[in-house]
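Trainee: Contents are mmCIF, N, CA and C atoms and all ligand atoms; file name model16.cif:
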data_model
loop_
_atom_site.label_atom_id
_atom_site.label_comp_id
_atom_site.auth_asym_id
_atom_site.auth_seq_id
_atom_site.Cartn_x
_atom_site.Cartn_y
_atom_site.Cartn_z
N MET N 1 -87.71 -158.37 -141.63
CA MET N 1 -87.60 -157.28 -142.58
C MET N 1 -86.38 -156.43 -142.22
N SER N 2 -85.65 -156.05 -143.21
CA SER N 2 -84.45 -155.24 -142.96
C SER N 2 -84.52 -153.96 -143.78
N ILE N 3 -83.82 -152.97 -143.31
CA ILE N 3 -83.75 -151.68 -144.02
C ILE N 3 -82.44 -151.67 -144.80
N ARG N 4 -82.54 -151.33 -146.03
CA ARG N 4 -81.34 -151.31 -146.86
C ARG N 4 -81.14 -149.91 -147.45
N GLY N 5 -79.93 -149.48 -147.46
CA GLY N 5 -79.62 -148.19 -148.09
C GLY N 5 -79.32 -148.39 -149.56
N VAL N 6 -79.55 -147.37 -150.32
CA VAL N 6 -79.23 -147.40 -151.75
C VAL N 6 -77.91 -146.66 -151.95
N VAL N 7 -76.96 -147.34 -152.49
CA VAL N 7 -75.65 -146.75 -152.75
C VAL N 7 -75.46 -146.69 -154.26
N ARG N 8 -75.12 -145.50 -154.70
CA ARG N 8 -74.95 -145.30 -156.13
C ARG N 8 -73.62 -144.58 -156.35
N HIS N 9 -72.81 -145.11 -157.19
CA HIS N 9 -71.52 -144.47 -157.46
C HIS N 9 -71.67 -143.49 -158.60
N GLN N 10 -71.30 -142.24 -158.31
CA GLN N 10 -71.41 -141.20 -159.34
C GLN N 10 -70.10 -140.41 -159.38
N GLU N 11 -69.78 -139.95 -160.55
CA GLU N 11 -68.57 -139.17 -160.71
C GLU N 11 -68.92 -137.69 -160.58
N TRP N 12 -68.31 -137.04 -159.59
CA TRP N 12 -68.59 -135.63 -159.32
C TRP N 12 -67.53 -134.75 -159.94
N THR N 13 -67.98 -133.56 -160.31
CA THR N 13 -67.06 -132.52 -160.78
C THR N 13 -67.27 -131.32 -159.87
N LEU N 14 -66.16 -130.68 -159.51
CA LEU N 14 -66.21 -129.53 -158.61
C LEU N 14 -65.31 -128.45 -159.17
N GLN N 15 -65.84 -127.24 -159.30
CA GLN N 15 -65.01 -126.14 -159.80
C GLN N 15 -65.59 -124.81 -159.34
N PRO N 16 -64.75 -123.75 -159.35
CA PRO N 16 -65.27 -122.42 -159.01
C PRO N 16 -66.41 -122.05 -159.95
N ASP N 17 -67.44 -121.42 -159.39
CA ASP N 17 -68.63 -121.08 -160.17
C ASP N 17 -68.39 -119.76 -160.90
N ARG N 18 -68.24 -119.85 -162.21
CA ARG N 18 -68.03 -118.64 -163.02
C ARG N 18 -69.23 -118.38 -163.92
N GLU N 19 -70.35 -118.99 -163.60
CA GLU N 19 -71.55 -118.76 -164.39
C GLU N 19 -72.08 -117.34 -164.12
N PRO N 20 -72.82 -116.77 -165.07
CA PRO N 20 -73.33 -115.40 -164.88
C PRO N 20 -74.20 -115.23 -163.64
N ASP N 21 -74.87 -116.30 -163.22
CA ASP N 21 -75.74 -116.20 -162.05
C ASP N 21 -75.05 -116.66 -160.76
N ALA N 22 -73.74 -116.80 -160.81
CA ALA N 22 -73.02 -117.23 -159.61
C ALA N 22 -73.10 -116.18 -158.52
N GLU N 23 -73.04 -116.62 -157.28
CA GLU N 23 -72.96 -115.66 -156.18
C GLU N 23 -71.65 -114.89 -156.31
N PRO N 24 -71.63 -113.63 -155.88
CA PRO N 24 -70.40 -112.84 -156.02
C PRO N 24 -69.33 -113.29 -155.04
N THR N 25 -68.07 -113.15 -155.46
CA THR N 25 -66.96 -113.34 -154.53
C THR N 25 -66.93 -112.13 -153.60
N SER N 26 -66.67 -112.38 -152.32
CA SER N 26 -66.64 -111.28 -151.37
C SER N 26 -65.44 -111.41 -150.45
N TYR N 27 -65.07 -110.28 -149.88
CA TYR N 27 -63.85 -110.19 -149.07
C TYR N 27 -64.14 -109.49 -147.75
N ALA N 28 -63.43 -109.92 -146.72
CA ALA N 28 -63.48 -109.26 -145.43
C ALA N 28 -62.14 -109.49 -144.75
N MET N 29 -61.85 -108.69 -143.77
CA MET N 29 -60.64 -108.88 -142.96
C MET N 29 -61.07 -109.01 -141.50
N GLN N 30 -60.35 -109.87 -140.78
CA GLN N 30 -60.64 -110.07 -139.37
C GLN N 30 -59.37 -109.87 -138.57
N CYS N 31 -59.47 -109.14 -137.49
CA CYS N 31 -58.34 -108.95 -136.59
C CYS N 31 -58.12 -110.26 -135.83
N ALA N 32 -56.90 -110.80 -135.90
CA ALA N 32 -56.60 -112.05 -135.21
C ALA N 32 -56.38 -111.85 -133.72
N VAL N 33 -56.27 -110.60 -133.29
CA VAL N 33 -56.05 -110.31 -131.87
C VAL N 33 -57.39 -110.23 -131.13
N CYS N 34 -58.33 -109.44 -131.67
CA CYS N 34 -59.59 -109.24 -130.94
C CYS N 34 -60.79 -109.87 -131.63
N GLY N 35 -60.61 -110.33 -132.88
CA GLY N 35 -61.71 -111.00 -133.57
C GLY N 35 -62.67 -110.08 -134.30
N GLU N 36 -62.48 -108.79 -134.18
CA GLU N 36 -63.38 -107.86 -134.88
C GLU N 36 -63.21 -108.05 -136.39
N THR N 37 -64.32 -107.99 -137.12
CA THR N 37 -64.30 -108.26 -138.55
C THR N 37 -64.82 -107.06 -139.31
N SER N 38 -64.20 -106.78 -140.43
CA SER N 38 -64.64 -105.66 -141.29
C SER N 38 -65.98 -106.00 -141.93
N PRO N 39 -66.66 -105.00 -142.45
CA PRO N 39 -67.81 -105.30 -143.30
C PRO N 39 -67.36 -106.10 -144.52
N VAL N 40 -68.26 -106.87 -145.10
CA VAL N 40 -67.97 -107.67 -146.28
C VAL N 40 -68.13 -106.78 -147.51
N HIS N 41 -67.14 -106.88 -148.42
CA HIS N 41 -67.17 -106.07 -149.63
C HIS N 41 -66.97 -106.95 -150.86
N GLY N 42 -67.32 -106.39 -151.99
CA GLY N 42 -67.13 -107.09 -153.25
C GLY N 42 -65.73 -106.97 -153.82
N ASP N 43 -64.89 -106.17 -153.20
CA ASP N 43 -63.48 -106.10 -153.61
C ASP N 43 -62.62 -106.09 -152.35
N TYR N 44 -61.33 -106.32 -152.53
CA TYR N 44 -60.46 -106.52 -151.37
C TYR N 44 -59.90 -105.22 -150.80
N SER N 45 -60.03 -104.10 -151.51
CA SER N 45 -59.35 -102.89 -151.06
C SER N 45 -60.06 -102.27 -149.84
N ALA N 46 -61.38 -102.27 -149.81
CA ALA N 46 -62.08 -101.66 -148.68
C ALA N 46 -61.76 -102.38 -147.36
N PRO N 47 -61.74 -103.73 -147.33
CA PRO N 47 -61.34 -104.39 -146.08
C PRO N 47 -59.90 -104.06 -145.66
N GLN N 48 -59.02 -103.84 -146.64
CA GLN N 48 -57.65 -103.46 -146.28
C GLN N 48 -57.62 -102.07 -145.65
N GLU N 49 -58.47 -101.17 -146.13
CA GLU N 49 -58.56 -99.85 -145.52
C GLU N 49 -59.10 -99.96 -144.09
N TRP N 50 -60.03 -100.91 -143.90
CA TRP N 50 -60.55 -101.15 -142.55
C TRP N 50 -59.41 -101.56 -141.61
N VAL N 51 -58.47 -102.38 -142.11
CA VAL N 51 -57.34 -102.82 -141.28
C VAL N 51 -56.53 -101.61 -140.81
N LEU N 52 -56.28 -100.69 -141.73
CA LEU N 52 -55.48 -99.52 -141.36
C LEU N 52 -56.20 -98.69 -140.29
N ALA N 53 -57.52 -98.55 -140.44
CA ALA N 53 -58.27 -97.79 -139.44
C ALA N 53 -58.31 -98.53 -138.11
N HIS N 54 -58.50 -99.86 -138.18
CA HIS N 54 -58.54 -100.66 -136.95
C HIS N 54 -57.20 -100.61 -136.23
N GLY N 55 -56.11 -100.72 -136.99
CA GLY N 55 -54.78 -100.64 -136.40
C GLY N 55 -54.51 -99.27 -135.79
N GLY N 56 -55.08 -98.23 -136.41
CA GLY N 56 -54.92 -96.90 -135.86
C GLY N 56 -55.61 -96.76 -134.51
N ARG N 57 -56.75 -97.42 -134.34
CA ARG N 57 -57.47 -97.37 -133.07
C ARG N 57 -56.90 -98.33 -132.04
N ASN N 58 -56.21 -99.40 -132.56
CA ASN N 58 -55.69 -100.45 -131.67
C ASN N 58 -54.24 -100.72 -132.04
N PRO N 59 -53.32 -99.88 -131.57
CA PRO N 59 -51.92 -99.95 -132.04
C PRO N 59 -51.22 -101.28 -131.76
N SER N 60 -51.75 -102.11 -130.87
CA SER N 60 -51.09 -103.39 -130.58
C SER N 60 -51.65 -104.54 -131.42
N HIS N 61 -52.61 -104.25 -132.31
CA HIS N 61 -53.20 -105.31 -133.14
C HIS N 61 -52.50 -105.34 -134.49
N HIS N 62 -51.65 -106.36 -134.66
CA HIS N 62 -50.79 -106.41 -135.85
C HIS N 62 -51.08 -107.58 -136.78
N THR N 63 -51.93 -108.51 -136.40
CA THR N 63 -52.17 -109.69 -137.24
C THR N 63 -53.63 -109.78 -137.64
N TYR N 64 -53.86 -110.17 -138.89
CA TYR N 64 -55.20 -110.18 -139.47
C TYR N 64 -55.39 -111.42 -140.34
N ARG N 65 -56.65 -111.73 -140.59
CA ARG N 65 -57.01 -112.83 -141.49
C ARG N 65 -57.85 -112.25 -142.62
N GLU N 66 -57.56 -112.67 -143.83
CA GLU N 66 -58.43 -112.30 -144.95
C GLU N 66 -59.44 -113.41 -145.14
N ILE N 67 -60.70 -113.05 -145.21
CA ILE N 67 -61.78 -114.03 -145.38
C ILE N 67 -62.36 -113.83 -146.77
N ILE N 68 -62.14 -114.81 -147.63
CA ILE N 68 -62.62 -114.73 -149.00
C ILE N 68 -63.73 -115.76 -149.17
N THR N 69 -64.88 -115.30 -149.65
CA THR N 69 -66.00 -116.20 -149.94
C THR N 69 -66.10 -116.32 -151.45
N ARG N 70 -65.85 -117.53 -151.97
CA ARG N 70 -65.81 -117.75 -153.40
C ARG N 70 -66.84 -118.81 -153.76
N PRO N 71 -67.72 -118.53 -154.72
CA PRO N 71 -68.73 -119.53 -155.07
C PRO N 71 -68.13 -120.69 -155.86
N TRP N 72 -68.60 -121.88 -155.53
CA TRP N 72 -68.20 -123.10 -156.23
C TRP N 72 -69.45 -123.83 -156.66
N ARG N 73 -69.29 -124.69 -157.62
CA ARG N 73 -70.41 -125.52 -158.04
C ARG N 73 -69.93 -126.96 -158.18
N ALA N 74 -70.82 -127.87 -157.87
CA ALA N 74 -70.53 -129.31 -157.97
C ALA N 74 -71.69 -129.96 -158.69
N TRP N 75 -71.38 -130.90 -159.55
CA TRP N 75 -72.43 -131.63 -160.26
C TRP N 75 -71.92 -133.01 -160.60
N TRP N 76 -72.84 -133.88 -160.92
CA TRP N 76 -72.44 -135.23 -161.27
C TRP N 76 -72.98 -135.59 -162.65
N LYS N 77 -72.27 -136.49 -163.25
CA LYS N 77 -72.70 -136.98 -164.55
C LYS N 77 -73.92 -137.85 -164.38
N PRO N 78 -74.95 -137.68 -165.23
CA PRO N 78 -76.15 -138.49 -165.09
C PRO N 78 -75.88 -139.96 -165.42
ZN ZN K 101 -58.26 -105.95 -133.20
#
Please rewrite the model in this file as structure tokens.

Mentor:
Amino acid sequence: MSIRGVVRHQEWTLQPDREPDAEPTSYAMQCAVCGETSPVHGDYSAPQEWVLAHGGRNPSHHTYREIITRPWRAWWKP
């Protein structure tokens, strides 16, 4: 007796989720020097303000990463 896997070829579609019930896009900034991360916000301006405050407290921290969480959806044709 042997175990066999079932392989099925399906065509997938992948795109950003813009449906009304999609998860919200969110933004955060992370200091690339110390790794501290801002709170997550629904718009990009508050994390940028966090950068200015963080830089004020840490004058040698000059590089940052923007972390954007964007919902996507994937589905296949039946
Ligand atoms: Zn820092």

Trainee: List all protein, DNA and RNA residues that have any atom at most 6.5 Å from ligand ZN 101 (chain K), counting all atoms listed in the file, and write the list as a PyMOL selection string.

Mentor: chain N and resi 31-36+54+58+61

Trainee: Counting only C-alpha atoms, which of N:Trp76, N:Thr13, N:Arg8, N:Ile67 gets nearest to N:Pro39?

Mentor: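 Checking each candidate against N:Pro39, we get N:Ile67 as the closest.
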
Trainee: Any chance you could list, as number ranges by chain, the residues in chain N that come up strand (DSSP E or B) when DSSP is run on the backbone?

Mentor: N: 12-16, 26-31, 37, 41, 64-69, 72-76

Trainee: Please produce an output containing N, CA and C atoms for each residue in the selection, written as a PDB file, keeping the file's coordinate frame.

Mentor:
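Generated output (again08.pdb):
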ATOM      1  N   TRP N  12     -68.310-137.040-159.590  1.00  0.00           N
ATOM      2  CA  TRP N  12     -68.590-135.630-159.320  1.00  0.00           C
ATOM      3  C   TRP N  12     -67.530-134.750-159.940  1.00  0.00           C
ATOM      4  N   THR N  13     -67.980-133.560-160.310  1.00  0.00           N
ATOM      5  CA  THR N  13     -67.060-132.520-160.780  1.00  0.00           C
ATOM      6  C   THR N  13     -67.270-131.320-159.870  1.00  0.00           C
ATOM      7  N   LEU N  14     -66.160-130.680-159.510  1.00  0.00           N
ATOM      8  CA  LEU N  14     -66.210-129.530-158.610  1.00  0.00           C
ATOM      9  C   LEU N  14     -65.310-128.450-159.170  1.00  0.00           C
ATOM     10  N   GLN N  15     -65.840-127.240-159.300  1.00  0.00           N
ATOM     11  CA  GLN N  15     -65.010-126.140-159.800  1.00  0.00           C
ATOM     12  C   GLN N  15     -65.590-124.810-159.340  1.00  0.00           C
ATOM     13  N   PRO N  16     -64.750-123.750-159.350  1.00  0.00           N
ATOM     14  CA  PRO N  16     -65.270-122.420-159.010  1.00  0.00           C
ATOM     15  C   PRO N  16     -66.410-122.050-159.950  1.00  0.00           C
ATOM     16  N   SER N  26     -66.670-112.380-152.320  1.00  0.00           N
ATOM     17  CA  SER N  26     -66.640-111.280-151.370  1.00  0.00           C
ATOM     18  C   SER N  26     -65.440-111.410-150.450  1.00  0.00           C
ATOM     19  N   TYR N  27     -65.070-110.280-149.880  1.00  0.00           N
ATOM     20  CA  TYR N  27     -63.850-110.190-149.070  1.00  0.00           C
ATOM     21  C   TYR N  27     -64.140-109.490-147.750  1.00  0.00           C
ATOM     22  N   ALA N  28     -63.430-109.920-146.720  1.00  0.00           N
ATOM     23  CA  ALA N  28     -63.480-109.260-145.430  1.00  0.00           C
ATOM     24  C   ALA N  28     -62.140-109.490-144.750  1.00  0.00           C
ATOM     25  N   MET N  29     -61.850-108.690-143.770  1.00  0.00           N
ATOM     26  CA  MET N  29     -60.640-108.880-142.960  1.00  0.00           C
ATOM     27  C   MET N  29     -61.070-109.010-141.500  1.00  0.00           C
ATOM     28  N   GLN N  30     -60.350-109.870-140.780  1.00  0.00           N
ATOM     29  CA  GLN N  30     -60.640-110.070-139.370  1.00  0.00           C
ATOM     30  C   GLN N  30     -59.370-109.870-138.570  1.00  0.00           C
ATOM     31  N   CYS N  31     -59.470-109.140-137.490  1.00  0.00           N
ATOM     32  CA  CYS N  31     -58.340-108.950-136.590  1.00  0.00           C
ATOM     33  C   CYS N  31     -58.120-110.260-135.830  1.00  0.00           C
ATOM     34  N   THR N  37     -64.320-107.990-137.120  1.00  0.00           N
ATOM     35  CA  THR N  37     -64.300-108.260-138.550  1.00  0.00           C
ATOM     36  C   THR N  37     -64.820-107.060-139.310  1.00  0.00           C
ATOM     37  N   HIS N  41     -67.140-106.880-148.420  1.00  0.00           N
ATOM     38  CA  HIS N  41     -67.170-106.070-149.630  1.00  0.00           C
ATOM     39  C   HIS N  41     -66.970-106.950-150.860  1.00  0.00           C
ATOM     40  N   TYR N  64     -53.860-110.170-138.890  1.00  0.00           N
ATOM     41  CA  TYR N  64     -55.200-110.180-139.470  1.00  0.00           C
ATOM     42  C   TYR N  64     -55.390-111.420-140.340  1.00  0.00           C
ATOM     43  N   ARG N  65     -56.650-111.730-140.590  1.00  0.00           N
ATOM     44  CA  ARG N  65     -57.010-112.830-141.490  1.00  0.00           C
ATOM     45  C   ARG N  65     -57.850-112.250-142.620  1.00  0.00           C
ATOM     46  N   GLU N  66     -57.560-112.670-143.830  1.00  0.00           N
ATOM     47  CA  GLU N  66     -58.430-112.300-144.950  1.00  0.00           C
ATOM     48  C   GLU N  66     -59.440-113.410-145.140  1.00  0.00           C
ATOM     49  N   ILE N  67     -60.700-113.050-145.210  1.00  0.00           N
ATOM     50  CA  ILE N  67     -61.780-114.030-145.380  1.00  0.00           C
ATOM     51  C   ILE N  67     -62.360-113.830-146.770  1.00  0.00           C
ATOM     52  N   ILE N  68     -62.140-114.810-147.630  1.00  0.00           N
ATOM     53  CA  ILE N  68     -62.620-114.730-149.000  1.00  0.00           C
ATOM     54  C   ILE N  68     -63.730-115.760-149.170  1.00  0.00           C
ATOM     55  N   THR N  69     -64.880-115.300-149.650  1.00  0.00           N
ATOM     56  CA  THR N  69     -66.000-116.200-149.940  1.00  0.00           C
ATOM     57  C   THR N  69     -66.100-116.320-151.450  1.00  0.00           C
ATOM     58  N   TRP N  72     -68.600-121.880-155.530  1.00  0.00           N
ATOM     59  CA  TRP N  72     -68.200-123.100-156.230  1.00  0.00           C
ATOM     60  C   TRP N  72     -69.450-123.830-156.660  1.00  0.00           C
ATOM     61  N   ARG N  73     -69.290-124.690-157.620  1.00  0.00           N
ATOM     62  CA  ARG N  73     -70.410-125.520-158.040  1.00  0.00           C
ATOM     63  C   ARG N  73     -69.930-126.960-158.180  1.00  0.00           C
ATOM     64  N   ALA N  74     -70.820-127.870-157.870  1.00  0.00           N
ATOM     65  CA  ALA N  74     -70.530-129.310-157.970  1.00  0.00           C
ATOM     66  C   ALA N  74     -71.690-129.960-158.690  1.00  0.00           C
ATOM     67  N   TRP N  75     -71.380-130.900-159.550  1.00  0.00           N
ATOM     68  CA  TRP N  75     -72.430-131.630-160.260  1.00  0.00           C
ATOM     69  C   TRP N  75     -71.920-133.010-160.600  1.00  0.00           C
ATOM     70  N   TRP N  76     -72.840-133.880-160.920  1.00  0.00           N
ATOM     71  CA  TRP N  76     -72.440-135.230-161.270  1.00  0.00           C
ATOM     72  C   TRP N  76     -72.980-135.590-162.650  1.00  0.00           C
TER      73      TRP N  76
END

Trainee: Atom N of N:Ile68 and atom N of N:Ser26 are how many Å apart?

Mentor: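 About the pair atom N of N:Ile68 and atom N of N:Ser26: they are 7.0 Å apart.
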
Trainee: Report the distance between atom CA of N:Pro20 and atom N of N:His41 in Å, rounded to one decimal place.

Mentor: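 Taking atom CA of N:Pro20 as the start and atom N of N:His41 as the end point, the length is 19.5 Å.
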
Trainee: Using all atoms of stretch 10-25 of chain N listed in the file and a margin of 3 Å per side, can you give the axis-aligned box centre and edge lengths in Å to one decimal, as lines of an AutoDock Vina configuration file?

Mentor:
center_x = -70.2
center_y = -127.2
center_z = -159.3
size_x = 17.0
size_y = 36.1
size_z = 17.5

Trainee: For each of N:Ala28, N:Ala22, N:Ala46, N:Val6, take the minimum atom-to-atom distance to N:Tyr64, counting only C-alpha atoms, then give the residue where this is smallest.

Mentor: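 So, comparing all the options, the nearest one is N:Ala28.
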
Trainee: In terms of the shortest atom-to-atom distance over only N, CA and C atoms, which of N:Arg18, N:Ile3, N:Gly56, N:Pro47 is closest to N:Arg73?

Mentor: N:Arg18

Trainee: So the first atom is atom C of N:Thr69 and the second is atom N of N:Gly55; what is the distance between them in Å, to one decimal place?

Mentor: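 For atom C of N:Thr69 relative to atom N of N:Gly55, the distance reads 23.5 Å.
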
Trainee: Nearest to N:Arg65 among N:Val51, N:Leu14, N:Val7, N:Val40, with distances taken over only C-alpha atoms: which residue is it?

Mentor: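 Using only C-alpha atoms, the shortest distance to N:Arg65 belongs to N:Val51.
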
Trainee: Compile the contact shell of N:Gly42 as a tab-separated table (two decimals) with N, CA and C atoms, keeping the file's coordinate frame: residues with an atom at most 8 Å away, counting only C-alpha atoms, same-chain residues fewer than 4 positions apart removed.

Mentor:
chain	number	residue	atom	x	y	z
N	24	PRO	N	-71.63	-113.63	-155.88
N	24	PRO	CA	-70.40	-112.84	-156.02
N	24	PRO	C	-69.33	-113.29	-155.04
N	25	THR	N	-68.07	-113.15	-155.46
N	25	THR	CA	-66.96	-113.34	-154.53
N	25	THR	C	-66.93	-112.13	-153.60
N	26	SER	N	-66.67	-112.38	-152.32
N	26	SER	CA	-66.64	-111.28	-151.37
N	26	SER	C	-65.44	-111.41	-150.45
N	27	TYR	N	-65.07	-110.28	-149.88
N	27	TYR	CA	-63.85	-110.19	-149.07
N	27	TYR	C	-64.14	-109.49	-147.75

Trainee: Between N:Gln10, N:Gly5, N:Glu49, N:Arg70, which one has atoms that come closest to N:Glu23, using only C-alpha atoms?

Mentor: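 That would be N:Arg70, the residue with the smallest distance to N:Glu23.
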
Trainee: Per DSSP on the backbone, filter stretch 34-64 of chain N down to the residues in helix (DSSP H, G or I) and report them as a list of chain:residue names.

Mentor: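 So the helix (DSSP H, G or I) residues in stretch 34-64 of chain N would be N:Ser45, N:Ala46, N:Pro47, N:Gln48, N:Glu49, N:Trp50, N:Val51, N:Leu52, N:Ala53, N:His54, N:Gly55, N:Gly56, N:Arg57.
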
Trainee: Nearest residue to N:Gln30 out of N:Pro78, N:Pro71, N:Glu66, N:Gln15, using only N, CA and C atoms?

Mentor: N:Glu66
